[in-house]
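The data block below is protein_11.csv; it holds CSV, C-alpha atoms.
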chain,number,residue,atom,x,y,z
Q,1,MET,CA,-73.5,28.1,-17.7
Q,2,VAL,CA,-70.0,26.8,-17.0
Q,3,ASN,CA,-68.1,25.2,-19.7
Q,4,TYR,CA,-66.3,22.3,-18.1
Q,5,ALA,CA,-64.4,21.3,-21.2
Q,6,GLU,CA,-62.8,24.7,-21.6
Q,7,GLU,CA,-61.9,24.9,-17.9
Q,8,ALA,CA,-60.3,21.4,-18.1
Q,9,ARG,CA,-58.3,22.6,-21.2
Q,10,GLN,CA,-57.1,25.7,-19.3
Q,11,LEU,CA,-56.1,23.6,-16.3
Q,12,ALA,CA,-54.2,21.2,-18.6
Q,13,ALA,CA,-52.5,24.1,-20.3
Q,14,GLU,CA,-51.5,25.7,-16.9
Q,15,ASN,CA,-50.3,22.3,-15.7
Q,16,GLN,CA,-48.3,21.8,-18.9
Q,17,ARG,CA,-46.7,25.3,-18.5
Q,18,ARG,CA,-45.8,24.6,-14.8
Q,19,MET,CA,-44.3,21.2,-15.8
Q,20,SER,CA,-42.3,22.9,-18.5
Q,21,LEU,CA,-41.0,25.4,-16.0
Q,22,LEU,CA,-40.1,22.7,-13.5
Q,23,LEU,CA,-38.3,20.6,-16.1
Q,24,ASP,CA,-36.4,23.7,-17.2
Q,25,GLU,CA,-35.4,24.4,-13.6
Q,26,ILE,CA,-34.4,20.8,-13.1
Q,27,GLN,CA,-32.3,20.9,-16.3
Q,28,ALA,CA,-30.6,24.1,-15.1
Q,29,ILE,CA,-29.9,22.5,-11.7
Q,30,ASN,CA,-28.4,19.5,-13.4
Q,31,GLU,CA,-26.1,21.6,-15.6
Q,32,GLN,CA,-25.0,23.7,-12.6
Q,33,THR,CA,-24.3,20.5,-10.6
Q,34,ALA,CA,-22.3,19.1,-13.5
Q,35,ALA,CA,-20.3,22.3,-13.8
Q,36,THR,CA,-19.6,22.4,-10.1
Q,37,GLY,CA,-18.5,18.8,-10.2
Q,38,ARG,CA,-16.1,19.4,-13.0
Q,39,GLU,CA,-14.8,22.5,-11.2
Q,40,LEU,CA,-14.3,20.5,-8.0
Q,41,ALA,CA,-12.6,17.6,-9.9
Q,42,ASP,CA,-10.2,20.1,-11.6
Q,43,ARG,CA,-9.4,21.8,-8.2
Q,44,LEU,CA,-8.9,18.4,-6.6
Q,45,THR,CA,-6.5,17.3,-9.3
Q,46,ALA,CA,-4.6,20.6,-9.0
Q,47,ASP,CA,-4.4,20.2,-5.2
Q,48,MET,CA,-3.2,16.6,-5.4
Q,49,ASP,CA,-0.5,17.5,-8.0
Q,50,GLU,CA,0.6,20.3,-5.7
Q,51,PHE,CA,0.6,18.0,-2.7
Q,52,TRP,CA,2.7,15.3,-4.5
Q,53,THR,CA,5.2,17.9,-5.7
Q,54,THR,CA,5.5,19.5,-2.3
Q,55,HIS,CA,5.8,16.3,-0.3
Q,56,ALA,CA,7.6,14.1,-2.9
Q,57,ASP,CA,10.9,14.6,-1.1
Q,58,GLU,CA,9.4,13.8,2.3
Q,59,LEU,CA,7.7,10.7,0.9
Q,60,ASP,CA,10.9,9.5,-0.8
Q,61,LYS,CA,12.9,10.1,2.4
Q,62,ALA,CA,10.2,8.2,4.5
Q,63,ALA,CA,10.4,5.3,2.0
Q,64,ALA,CA,14.2,5.2,2.1
Q,65,ASP,CA,14.1,5.3,6.0
Q,66,ALA,CA,11.6,2.5,6.1
Q,67,GLU,CA,13.8,0.4,3.7
Q,68,ALA,CA,16.9,1.1,5.7
Q,69,GLN,CA,15.1,0.2,8.9
Q,70,GLN,CA,13.9,-3.1,7.3
Q,71,ARG,CA,17.4,-3.9,6.2
Q,72,ARG,CA,18.8,-3.2,9.7
Q,73,GLN,CA,16.1,-5.5,11.2
Q,74,ASP,CA,16.9,-8.2,8.7
Q,75,GLU,CA,20.6,-8.0,9.4
Q,76,ALA,CA,20.0,-8.1,13.2
Q,77,ARG,CA,17.7,-11.1,12.7
Q,78,GLU,CA,20.4,-12.9,10.7
Q,79,GLN,CA,23.0,-12.0,13.3
Q,80,ARG,CA,20.9,-13.3,16.1
Q,81,ALA,CA,20.3,-16.5,14.2
Q,82,ALA,CA,24.0,-16.9,13.6
Q,83,ILE,CA,24.8,-16.4,17.3
Q,84,ALA,CA,22.1,-18.9,18.3
Q,85,ARG,CA,23.5,-21.4,15.9
Q,86,SER,CA,27.0,-20.8,17.2
Q,87,MET,CA,25.9,-21.1,20.9
Q,88,THR,CA,24.0,-24.3,20.0
Q,89,ALA,CA,27.0,-25.8,18.3
Q,90,ARG,CA,29.3,-24.9,21.3
Q,91,ARG,CA,26.9,-26.3,23.8
Q,92,ALA,CA,26.5,-29.5,21.9
Q,93,GLY,CA,30.3,-29.9,21.8
Q,94,GLN,CA,30.1,-30.8,18.1
Q,95,LEU,CA,33.4,-32.1,16.6
Q,96,VAL,CA,34.1,-32.2,13.0
Q,97,THR,CA,34.7,-35.9,12.1
Q,98,PRO,CA,35.4,-37.4,8.8
Q,99,VAL,CA,32.7,-39.2,7.0
Q,100,ASP,CA,34.7,-42.4,6.9
Q,101,GLU,CA,35.8,-43.4,10.5
Q,102,GLU,CA,38.2,-45.9,9.1
Q,103,ASP,CA,40.2,-43.3,7.3
Q,104,GLU,CA,43.9,-43.6,8.2
Q,105,GLU,CA,44.7,-40.0,7.4
Q,106,ALA,CA,41.8,-38.9,9.7
Q,107,LYS,CA,43.5,-40.6,12.6
Q,108,PHE,CA,46.7,-38.8,11.8
Q,109,TYR,CA,44.9,-35.4,12.0
Q,110,ARG,CA,43.0,-36.3,15.1
Q,111,ARG,CA,46.0,-37.3,17.2
Q,112,LYS,CA,46.4,-35.7,20.6
Q,113,SER,CA,50.0,-34.5,20.2
Q,114,TRP,CA,51.6,-33.1,17.1
Q,115,LEU,CA,55.1,-33.9,18.4
Q,116,ILE,CA,56.6,-36.7,16.5
Written as structure tokens, how would this file's structure read?
Amino acid sequence: MVNYAEEARQLAAENQRRMSLLLDEIQAINEQTAATGRELADRLTADMDEFWTTHADELDKAAADAEAQQRRQDEAREQRAAIARSMTARRAGQLVTPVDEEDEEAKFYRRKSWLI
């Protein structure tokens, strides 16, 4: 006669053994993945440090060039604005007049001839 209880215990023990093996394998994979991740992070850090040291001069030069170009553009913009203001003033025929039109000294300085 077949002893079903004993067979069930054997199946449970085999299942427990296989689960233990799978859990051990998963643990090993997790440890290996963590070690690989640390190794890659260390390598990446070293590569980035090497990159920044190698290209620091180029990056500084590019930043200085960009700053100089921005300064030239600002100066050109200011110069164009000054020229535009000058042209507008010339076209408008603006004269400098005193604040007080009744000022006697202002009439003296606005006379047509300086010959006395």
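The space between CA of Gln16 in chain Q and CA of Ala35 in chain Q spans 28.5 Å.
The coordinates place CA of Glu7 in chain Q at 21.0 Å from CA of Leu21 in chain Q.
For the pair CA of Asp42 in chain Q and CA of Lys61 in chain Q, the separation is 28.8 Å.
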Complete range 38-62 of chain Q at the level of N, CA and C atoms, written as an mmCIF file, in the frame of the given file.
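Result written to rebuild-v2.cif:
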data_model
loop_
_atom_site.group_PDB
_atom_site.id
_atom_site.type_symbol
_atom_site.label_atom_id
_atom_site.label_comp_id
_atom_site.auth_asym_id
_atom_site.auth_seq_id
_atom_site.Cartn_x
_atom_site.Cartn_y
_atom_site.Cartn_z
ATOM 1 N N ARG Q 38 -17.299 19.306 -12.205
ATOM 2 C CA ARG Q 38 -16.100 19.400 -13.000
ATOM 3 C C ARG Q 38 -15.097 20.380 -12.372
ATOM 4 N N GLU Q 39 -15.618 21.502 -11.842
ATOM 5 C CA GLU Q 39 -14.800 22.500 -11.200
ATOM 6 C C GLU Q 39 -14.071 21.867 -9.969
ATOM 7 N N LEU Q 40 -14.832 21.130 -9.162
ATOM 8 C CA LEU Q 40 -14.300 20.500 -8.000
ATOM 9 C C LEU Q 40 -13.226 19.421 -8.373
ATOM 10 N N ALA Q 41 -13.512 18.670 -9.422
ATOM 11 C CA ALA Q 41 -12.600 17.600 -9.900
ATOM 12 C C ALA Q 41 -11.270 18.292 -10.363
ATOM 13 N N ASP Q 42 -11.380 19.391 -11.099
ATOM 14 C CA ASP Q 42 -10.200 20.100 -11.600
ATOM 15 C C ASP Q 42 -9.387 20.644 -10.387
ATOM 16 N N ARG Q 43 -10.090 21.221 -9.417
ATOM 17 C CA ARG Q 43 -9.400 21.800 -8.200
ATOM 18 C C ARG Q 43 -8.751 20.667 -7.432
ATOM 19 N N LEU Q 44 -9.450 19.545 -7.292
ATOM 20 C CA LEU Q 44 -8.900 18.400 -6.600
ATOM 21 C C LEU Q 44 -7.635 17.883 -7.259
ATOM 22 N N THR Q 45 -7.685 17.773 -8.572
ATOM 23 C CA THR Q 45 -6.500 17.300 -9.300
ATOM 24 C C THR Q 45 -5.341 18.270 -9.138
ATOM 25 N N ALA Q 46 -5.612 19.557 -9.198
ATOM 26 C CA ALA Q 46 -4.600 20.600 -9.000
ATOM 27 C C ALA Q 46 -3.990 20.476 -7.596
ATOM 28 N N ASP Q 47 -4.866 20.330 -6.615
ATOM 29 C CA ASP Q 47 -4.400 20.200 -5.200
ATOM 30 C C ASP Q 47 -3.574 18.978 -5.004
ATOM 31 N N MET Q 48 -3.988 17.866 -5.592
ATOM 32 C CA MET Q 48 -3.200 16.600 -5.400
ATOM 33 C C MET Q 48 -1.867 16.733 -6.121
ATOM 34 N N ASP Q 49 -1.830 17.345 -7.299
ATOM 35 C CA ASP Q 49 -0.500 17.500 -8.000
ATOM 36 C C ASP Q 49 0.377 18.403 -7.127
ATOM 37 N N GLU Q 50 -0.171 19.462 -6.554
ATOM 38 C CA GLU Q 50 0.600 20.300 -5.700
ATOM 39 C C GLU Q 50 1.108 19.573 -4.452
ATOM 40 N N PHE Q 51 0.239 18.766 -3.873
ATOM 41 C CA PHE Q 51 0.600 18.000 -2.700
ATOM 42 C C PHE Q 51 1.771 17.033 -3.020
ATOM 43 N N TRP Q 52 1.635 16.298 -4.142
ATOM 44 C CA TRP Q 52 2.700 15.300 -4.500
ATOM 45 C C TRP Q 52 3.995 16.029 -4.791
ATOM 46 N N THR Q 53 3.933 17.206 -5.446
ATOM 47 C CA THR Q 53 5.200 17.900 -5.700
ATOM 48 C C THR Q 53 5.788 18.468 -4.450
ATOM 49 N N THR Q 54 4.959 18.960 -3.569
ATOM 50 C CA THR Q 54 5.500 19.500 -2.300
ATOM 51 C C THR Q 54 6.036 18.457 -1.409
ATOM 52 N N HIS Q 55 5.378 17.330 -1.317
ATOM 53 C CA HIS Q 55 5.800 16.300 -0.300
ATOM 54 C C HIS Q 55 6.514 15.127 -0.955
ATOM 55 N N ALA Q 56 6.902 15.224 -2.206
ATOM 56 C CA ALA Q 56 7.600 14.100 -2.900
ATOM 57 C C ALA Q 56 8.903 13.775 -2.152
ATOM 58 N N ASP Q 57 9.662 14.821 -1.782
ATOM 59 C CA ASP Q 57 10.900 14.600 -1.100
ATOM 60 C C ASP Q 57 10.714 13.900 0.242
ATOM 61 N N GLU Q 58 9.707 14.359 0.979
ATOM 62 C CA GLU Q 58 9.400 13.800 2.300
ATOM 63 C C GLU Q 58 8.995 12.297 2.123
ATOM 64 N N LEU Q 59 8.171 12.025 1.112
ATOM 65 C CA LEU Q 59 7.700 10.700 0.900
ATOM 66 C C LEU Q 59 8.870 9.758 0.470
ATOM 67 N N ASP Q 60 9.757 10.266 -0.390
ATOM 68 C CA ASP Q 60 10.900 9.500 -0.800
ATOM 69 C C ASP Q 60 11.830 9.211 0.404
ATOM 70 N N LYS Q 61 12.013 10.234 1.251
ATOM 71 C CA LYS Q 61 12.900 10.100 2.400
ATOM 72 C C LYS Q 61 12.237 9.048 3.389
ATOM 73 N N ALA Q 62 10.928 9.124 3.577
ATOM 74 C CA ALA Q 62 10.200 8.200 4.500
ATOM 75 C C ALA Q 62 10.363 6.750 3.911
#
